[in-house]
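Printed here is model-v2.pdb (PDB, C-alpha atoms):
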ATOM      1  CA  MET S  16      -4.183  13.999  21.209  1.00  0.00           C
ATOM      2  CA  PRO S  17      -2.828  10.475  20.496  1.00  0.00           C
ATOM      3  CA  MET S  18       0.219  10.212  18.258  1.00  0.00           C
ATOM      4  CA  HIS S  19      -1.340   7.563  16.013  1.00  0.00           C
ATOM      5  CA  GLU S  20      -4.871   6.933  14.881  1.00  0.00           C
ATOM      6  CA  ARG S  21      -5.286   3.197  14.489  1.00  0.00           C
ATOM      7  CA  ALA S  22      -7.656   1.656  11.972  1.00  0.00           C
ATOM      8  CA  ASP S  23      -9.498  -1.616  12.621  1.00  0.00           C
ATOM      9  CA  ALA S  24      -8.355  -5.265  12.366  1.00  0.00           C
ATOM     10  CA  ARG S  25      -5.218  -6.445  10.546  1.00  0.00           C
ATOM     11  CA  PHE S  26      -5.094  -8.582   7.429  1.00  0.00           C
ATOM     12  CA  GLU S  27      -5.001 -12.241   8.278  1.00  0.00           C
ATOM     13  CA  PRO S  28      -3.915 -14.852   5.735  1.00  0.00           C
ATOM     14  CA  SER S  29      -6.571 -17.273   6.937  1.00  0.00           C
ATOM     15  CA  ASP S  30      -9.587 -15.014   6.346  1.00  0.00           C
ATOM     16  CA  GLY S  31     -10.137 -16.421   2.836  1.00  0.00           C
ATOM     17  CA  ALA S  32     -12.103 -13.379   1.672  1.00  0.00           C
ATOM     18  CA  ALA S  33     -11.843 -12.433  -1.983  1.00  0.00           C
ATOM     19  CA  HIS S  34     -11.640  -8.784  -0.923  1.00  0.00           C
ATOM     20  CA  HIS S  35     -10.742  -7.381   2.460  1.00  0.00           C
ATOM     21  CA  PRO S  36     -13.466  -4.912   3.509  1.00  0.00           C
ATOM     22  CA  GLY S  37     -12.140  -1.388   3.791  1.00  0.00           C
ATOM     23  CA  ALA S  38      -9.193  -1.877   1.451  1.00  0.00           C
ATOM     24  CA  PHE S  39      -8.326   0.010  -1.713  1.00  0.00           C
ATOM     25  CA  THR S  40      -7.860  -2.533  -4.516  1.00  0.00           C
ATOM     26  CA  TRP S  41      -5.800  -2.439  -7.700  1.00  0.00           C
ATOM     27  CA  PRO S  42      -5.739  -5.155 -10.407  1.00  0.00           C
ATOM     28  CA  VAL S  43      -2.398  -6.550 -11.574  1.00  0.00           C
ATOM     29  CA  ARG S  44      -1.722  -9.072 -14.322  1.00  0.00           C
ATOM     30  CA  VAL S  45       1.478 -11.119 -14.050  1.00  0.00           C
ATOM     31  CA  TYR S  46       3.735 -10.638 -17.074  1.00  0.00           C
ATOM     32  CA  TYR S  47       6.718 -12.704 -18.153  1.00  0.00           C
ATOM     33  CA  GLU S  48       9.063  -9.987 -16.831  1.00  0.00           C
ATOM     34  CA  ASP S  49       7.558 -10.487 -13.329  1.00  0.00           C
ATOM     35  CA  THR S  50       8.556 -14.146 -13.150  1.00  0.00           C
ATOM     36  CA  ASP S  51      11.765 -15.945 -12.252  1.00  0.00           C
ATOM     37  CA  ALA S  52      13.423 -18.956 -13.898  1.00  0.00           C
ATOM     38  CA  GLY S  53      10.869 -21.215 -12.185  1.00  0.00           C
ATOM     39  CA  GLY S  54       7.945 -19.413 -13.808  1.00  0.00           C
ATOM     40  CA  VAL S  55       6.620 -17.860 -10.606  1.00  0.00           C
ATOM     41  CA  VAL S  56       6.496 -14.213  -9.567  1.00  0.00           C
ATOM     42  CA  TYR S  57       9.911 -13.214  -8.239  1.00  0.00           C
ATOM     43  CA  TYR S  58       9.469 -12.304  -4.575  1.00  0.00           C
ATOM     44  CA  ALA S  59      10.711  -8.705  -4.927  1.00  0.00           C
ATOM     45  CA  ASN S  60       8.085  -7.980  -7.571  1.00  0.00           C
ATOM     46  CA  TYR S  61       5.334  -8.223  -4.952  1.00  0.00           C
ATOM     47  CA  LEU S  62       6.923  -5.109  -3.418  1.00  0.00           C
ATOM     48  CA  LYS S  63       6.480  -3.365  -6.790  1.00  0.00           C
ATOM     49  CA  PHE S  64       2.850  -4.480  -6.932  1.00  0.00           C
ATOM     50  CA  PHE S  65       2.289  -3.128  -3.411  1.00  0.00           C
ATOM     51  CA  GLU S  66       3.967   0.170  -4.343  1.00  0.00           C
ATOM     52  CA  ARG S  67       1.731   0.591  -7.393  1.00  0.00           C
ATOM     53  CA  CYS S  68      -1.349  -0.028  -5.279  1.00  0.00           C
ATOM     54  CA  ARG S  69      -0.326   2.618  -2.712  1.00  0.00           C
ATOM     55  CA  THR S  70       0.445   5.067  -5.535  1.00  0.00           C
ATOM     56  CA  GLU S  71      -2.966   4.503  -7.141  1.00  0.00           C
ATOM     57  CA  TRP S  72      -4.621   4.871  -3.727  1.00  0.00           C
ATOM     58  CA  LEU S  73      -2.958   8.282  -3.331  1.00  0.00           C
ATOM     59  CA  ARG S  74      -4.029   9.206  -6.859  1.00  0.00           C
ATOM     60  CA  ALA S  75      -7.624   8.212  -5.996  1.00  0.00           C
ATOM     61  CA  LEU S  76      -7.379  10.617  -3.046  1.00  0.00           C
ATOM     62  CA  GLY S  77      -6.372  13.370  -5.467  1.00  0.00           C
ATOM     63  CA  VAL S  78      -2.683  13.362  -4.513  1.00  0.00           C
ATOM     64  CA  ASP S  79      -0.257  13.675  -7.422  1.00  0.00           C
ATOM     65  CA  GLN S  80       3.164  12.802  -6.021  1.00  0.00           C
ATOM     66  CA  ALA S  81       5.109  14.781  -8.644  1.00  0.00           C
ATOM     67  CA  THR S  82       3.058  17.894  -7.870  1.00  0.00           C
ATOM     68  CA  LEU S  83       3.457  17.314  -4.129  1.00  0.00           C
ATOM     69  CA  ALA S  84       7.248  17.191  -4.527  1.00  0.00           C
ATOM     70  CA  ARG S  85       7.410  20.155  -6.883  1.00  0.00           C
ATOM     71  CA  GLU S  86       4.977  22.474  -5.101  1.00  0.00           C
ATOM     72  CA  GLN S  87       5.340  21.508  -1.448  1.00  0.00           C
ATOM     73  CA  GLY S  88       8.764  19.856  -1.410  1.00  0.00           C
ATOM     74  CA  LEU S  89       7.329  16.644   0.057  1.00  0.00           C
ATOM     75  CA  GLN S  90       7.583  12.975  -0.860  1.00  0.00           C
ATOM     76  CA  PHE S  91       6.696   9.609   0.628  1.00  0.00           C
ATOM     77  CA  VAL S  92       9.538   7.232   1.485  1.00  0.00           C
ATOM     78  CA  VAL S  93       9.275   3.589   2.577  1.00  0.00           C
ATOM     79  CA  THR S  94      10.952   3.285   5.985  1.00  0.00           C
ATOM     80  CA  GLU S  95       9.970  -0.255   7.002  1.00  0.00           C
ATOM     81  CA  ILE S  96       8.577  -3.328   5.309  1.00  0.00           C
ATOM     82  CA  GLU S  97       7.718  -6.794   6.515  1.00  0.00           C
ATOM     83  CA  ALA S  98       6.477  -9.349   4.001  1.00  0.00           C
ATOM     84  CA  LYS S  99       5.155 -12.886   4.140  1.00  0.00           C
ATOM     85  CA  TYR S 100       4.827 -15.084   1.059  1.00  0.00           C
ATOM     86  CA  LEU S 101       2.172 -17.787   1.208  1.00  0.00           C
ATOM     87  CA  ALA S 102       1.634 -19.114  -2.331  1.00  0.00           C
ATOM     88  CA  PRO S 103       3.101 -18.449  -5.785  1.00  0.00           C
ATOM     89  CA  ALA S 104       1.570 -16.381  -8.557  1.00  0.00           C
ATOM     90  CA  ARG S 105       2.356 -17.424 -12.120  1.00  0.00           C
ATOM     91  CA  LEU S 106       2.496 -15.986 -15.632  1.00  0.00           C
ATOM     92  CA  ASP S 107      -0.835 -14.451 -16.778  1.00  0.00           C
ATOM     93  CA  ASP S 108      -2.437 -14.682 -13.333  1.00  0.00           C
ATOM     94  CA  GLU S 109      -4.844 -11.865 -12.550  1.00  0.00           C
ATOM     95  CA  LEU S 110      -4.145 -10.581  -9.058  1.00  0.00           C
ATOM     96  CA  THR S 111      -5.887  -8.130  -6.810  1.00  0.00           C
ATOM     97  CA  VAL S 112      -3.531  -6.019  -4.737  1.00  0.00           C
ATOM     98  CA  GLU S 113      -4.941  -4.285  -1.693  1.00  0.00           C
ATOM     99  CA  ALA S 114      -3.837  -1.488   0.607  1.00  0.00           C
ATOM    100  CA  ARG S 115      -5.446  -0.462   3.858  1.00  0.00           C
ATOM    101  CA  VAL S 116      -4.212   2.214   6.252  1.00  0.00           C
ATOM    102  CA  ASP S 117      -3.475   0.601   9.590  1.00  0.00           C
ATOM    103  CA  GLN S 118      -1.950   3.623  11.343  1.00  0.00           C
ATOM    104  CA  LEU S 119      -2.002   7.320  10.651  1.00  0.00           C
ATOM    105  CA  GLY S 120       0.742   9.286  12.388  1.00  0.00           C
ATOM    106  CA  ARG S 121       1.831  12.905  12.228  1.00  0.00           C
ATOM    107  CA  CYS S 122       4.541  12.191   9.646  1.00  0.00           C
ATOM    108  CA  SER S 123       3.900   8.586   8.667  1.00  0.00           C
ATOM    109  CA  LEU S 124       1.404   5.977   7.527  1.00  0.00           C
ATOM    110  CA  ALA S 125       1.431   2.237   8.078  1.00  0.00           C
ATOM    111  CA  PHE S 126      -0.322   0.027   5.540  1.00  0.00           C
ATOM    112  CA  GLU S 127      -1.465  -3.555   5.634  1.00  0.00           C
ATOM    113  CA  GLN S 128      -1.271  -4.956   2.103  1.00  0.00           C
ATOM    114  CA  ARG S 129      -1.955  -8.214   0.371  1.00  0.00           C
ATOM    115  CA  ALA S 130      -1.987  -9.788  -3.049  1.00  0.00           C
ATOM    116  CA  THR S 131      -4.719 -12.289  -3.842  1.00  0.00           C
ATOM    117  CA  ARG S 132      -5.736 -14.490  -6.761  1.00  0.00           C
ATOM    118  CA  GLY S 133      -9.374 -15.517  -6.848  1.00  0.00           C
ATOM    119  CA  GLY S 134      -9.682 -15.082  -3.091  1.00  0.00           C
ATOM    120  CA  GLU S 135      -6.469 -16.973  -2.259  1.00  0.00           C
ATOM    121  CA  VAL S 136      -4.007 -14.828  -0.309  1.00  0.00           C
ATOM    122  CA  LEU S 137      -0.573 -15.062  -1.961  1.00  0.00           C
ATOM    123  CA  ALA S 138       1.463 -12.426  -0.138  1.00  0.00           C
ATOM    124  CA  LEU S 139       1.060 -10.089   2.828  1.00  0.00           C
ATOM    125  CA  ALA S 140       3.011  -7.008   3.810  1.00  0.00           C
ATOM    126  CA  ARG S 141       3.103  -4.330   6.447  1.00  0.00           C
ATOM    127  CA  VAL S 142       4.618  -1.170   4.979  1.00  0.00           C
ATOM    128  CA  LYS S 143       5.467   2.024   6.822  1.00  0.00           C
ATOM    129  CA  VAL S 144       5.979   5.195   4.794  1.00  0.00           C
ATOM    130  CA  ALA S 145       7.136   8.581   6.019  1.00  0.00           C
ATOM    131  CA  CYS S 146       6.369  11.997   4.612  1.00  0.00           C
ATOM    132  CA  MET S 147       9.737  13.676   4.050  1.00  0.00           C
ATOM    133  CA  HIS S 148      11.068  17.056   2.945  1.00  0.00           C
ATOM    134  CA  VAL S 149      12.631  16.411  -0.481  1.00  0.00           C
ATOM    135  CA  GLN S 150      15.655  18.698   0.016  1.00  0.00           C
ATOM    136  CA  ARG S 151      16.327  18.360   3.739  1.00  0.00           C
ATOM    137  CA  ARG S 152      15.560  14.621   3.967  1.00  0.00           C
ATOM    138  CA  VAL S 153      13.872  15.045   7.354  1.00  0.00           C
ATOM    139  CA  PRO S 154      10.360  13.978   8.383  1.00  0.00           C
ATOM    140  CA  ALA S 155       7.529  16.383   7.578  1.00  0.00           C
ATOM    141  CA  ARG S 156       4.004  16.576   8.917  1.00  0.00           C
ATOM    142  CA  LEU S 157       1.417  15.184   6.542  1.00  0.00           C
ATOM    143  CA  PRO S 158      -0.381  18.124   4.898  1.00  0.00           C
ATOM    144  CA  GLN S 159      -3.828  18.675   6.395  1.00  0.00           C
ATOM    145  CA  SER S 160      -5.531  18.145   3.024  1.00  0.00           C
ATOM    146  CA  ILE S 161      -3.908  14.712   2.675  1.00  0.00           C
ATOM    147  CA  ARG S 162      -4.682  13.819   6.307  1.00  0.00           C
ATOM    148  CA  GLU S 163      -8.352  14.725   5.734  1.00  0.00           C
ATOM    149  CA  GLY S 164      -8.434  12.687   2.522  1.00  0.00           C
ATOM    150  CA  ILE S 165      -6.998   9.678   4.359  1.00  0.00           C
ATOM    151  CA  ARG S 166      -9.515   9.997   7.200  1.00  0.00           C
ATOM    152  CA  SER S 167     -12.339  10.274   4.681  1.00  0.00           C
ATOM    153  CA  SER S 168     -11.018   7.229   2.802  1.00  0.00           C
ATOM    154  CA  ILE S 169     -10.893   5.219   6.024  1.00  0.00           C
ATOM    155  CA  ALA S 170     -14.423   6.322   6.950  1.00  0.00           C
ATOM    156  CA  ARG S 171     -15.701   5.271   3.479  1.00  0.00           C
ATOM    157  CA  GLY S 172     -13.922   1.947   3.784  1.00  0.00           C
ATOM    158  CA  THR S 173     -11.647   2.501   0.775  1.00  0.00           C
ATOM    159  CA  GLY S 174      -8.306   2.856   2.442  1.00  0.00           C
TER     160      GLY S 174
END

Show how you would write the structure in this file as C-alpha cells.
Amino acid sequence: MPMHERADARFEPSDGAAHHPGAFTWPVRVYYEDTDAGGVVYYANYLKFFERCRTEWLRALGVDQATLAREQGLQFVVTEIEAKYLAPARLDDELTVEARVDQLGRCSLAFEQRATRGGEVLALARVKVACMHVQRRVPARLPQSIREGIRSSIARGTG
C-alpha cells in the first residue's frame, strides 16, 4: 500500500478561476485589524485565514478538534508551510479562502490553499499538518473515521 494518496493537480496562480474545482471554500472579510500601516492585509494574516479555512473544512467533515483532543488525545499541528504572495488584499475586501487536500498520509495531510478576491489569486500556500498525540507529542495515525471522511470529501470534490 503506498504511503501517500495523492490528489489531482496543484493550485496554479495563473489559472484565473474564481473557484478551484474540488476545493473547500470559506468566505473572509478583511477587517481593519487584518491590515498593516499601508492599509493592506499583513502577510501573516493570510496564514490565519488559511487556518480558519482548514478548521471549517474539518468541522464540515464532522470533526470537532476540541472533542478529538479531549476524547482521543489527538490534535493537528502545522509542520511545514510555504507561501507565495501575489497581490494585496485591502480593508473591507471580501475574500474566498480555499483548501484542497493534496496528499493524505498515515499521520499527515498536505493542503494546497489560496486566497482570492473576485477570481484574482492573492496568495497561495502549501501547508502540511500532522496528527499528533497531545500528551506524548509524537505522530499518530489519522483515525479511520477521519481518513474515510477525507476520502469521501476528495471524491465529492469538496476537499

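Here atom CA of S:Gly77 is placed at a distance of 11.5 Å from atom CA of S:Glu163.
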
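Residues within 9 Å of stretch 83-91 of chain S, counting all atoms listed in the file and excluding same-chain residues fewer than 4 positions away, are Val78, Asp79, Ser123, Val144, Ala145, Cys146, Met147, His148, Val149, Gln150, Ala155 and Leu157 of chain S.
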
With all atoms listed in the file counted and 8 Å as the cut-off, give the residues of stretch 110-146 of chain S in contact with stretch 50-68 of chain S, each with its shortest interatomic distance in Å and the pair that gives it, as CSV.
residue,atom,partner,partner_atom,distance
S:Val112,CA,S:Cys68,CA,6.4
S:Glu113,CA,S:Cys68,CA,6.6
S:Ala114,CA,S:Cys68,CA,6.6
S:Gln128,CA,S:Phe65,CA,6.8
S:Arg129,CA,S:Phe65,CA,7.6
S:Ala130,CA,S:Tyr61,CA,7.7
S:Ala138,CA,S:Tyr61,CA,7.5

* Of the candidates S:Ala125, S:Val116, S:Leu106, S:Leu73, which one gets nearest to S:Tyr47 if we count all atoms listed in the file? ->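 Ranked by minimum distance to S:Tyr47, first place goes to S:Leu106.
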
* To do: Find the residue from S:Arg132, S:Arg162, S:Arg171, S:Lys143 that sits nearest to S:Pro103; use all atoms listed in the file when measuring.
  =>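 The closest residue to S:Pro103 is S:Arg132.
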
* Choose the residue, out of S:Thr94, S:Ser167, S:Thr70, S:Gln118, that has the smallest atom-to-atom separation from S:Thr40; count all atoms listed in the file. =>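 Counting all atoms listed in the file, the residue closest to S:Thr40 is S:Thr70.
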
* Asked: Neighbours of S:Ser168 within 9 Å (all atoms listed in the file; same-chain residues fewer than 5 positions away dropped), as a VMD selection string?
  -> chain S and resid 37 39 76 163 173 to 174

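Using only C-alpha atoms for every distance, the candidate list S:Pro42, S:Gly120, S:Gly164, S:Leu139 yields S:Leu139 as the residue closest to S:Ala102.
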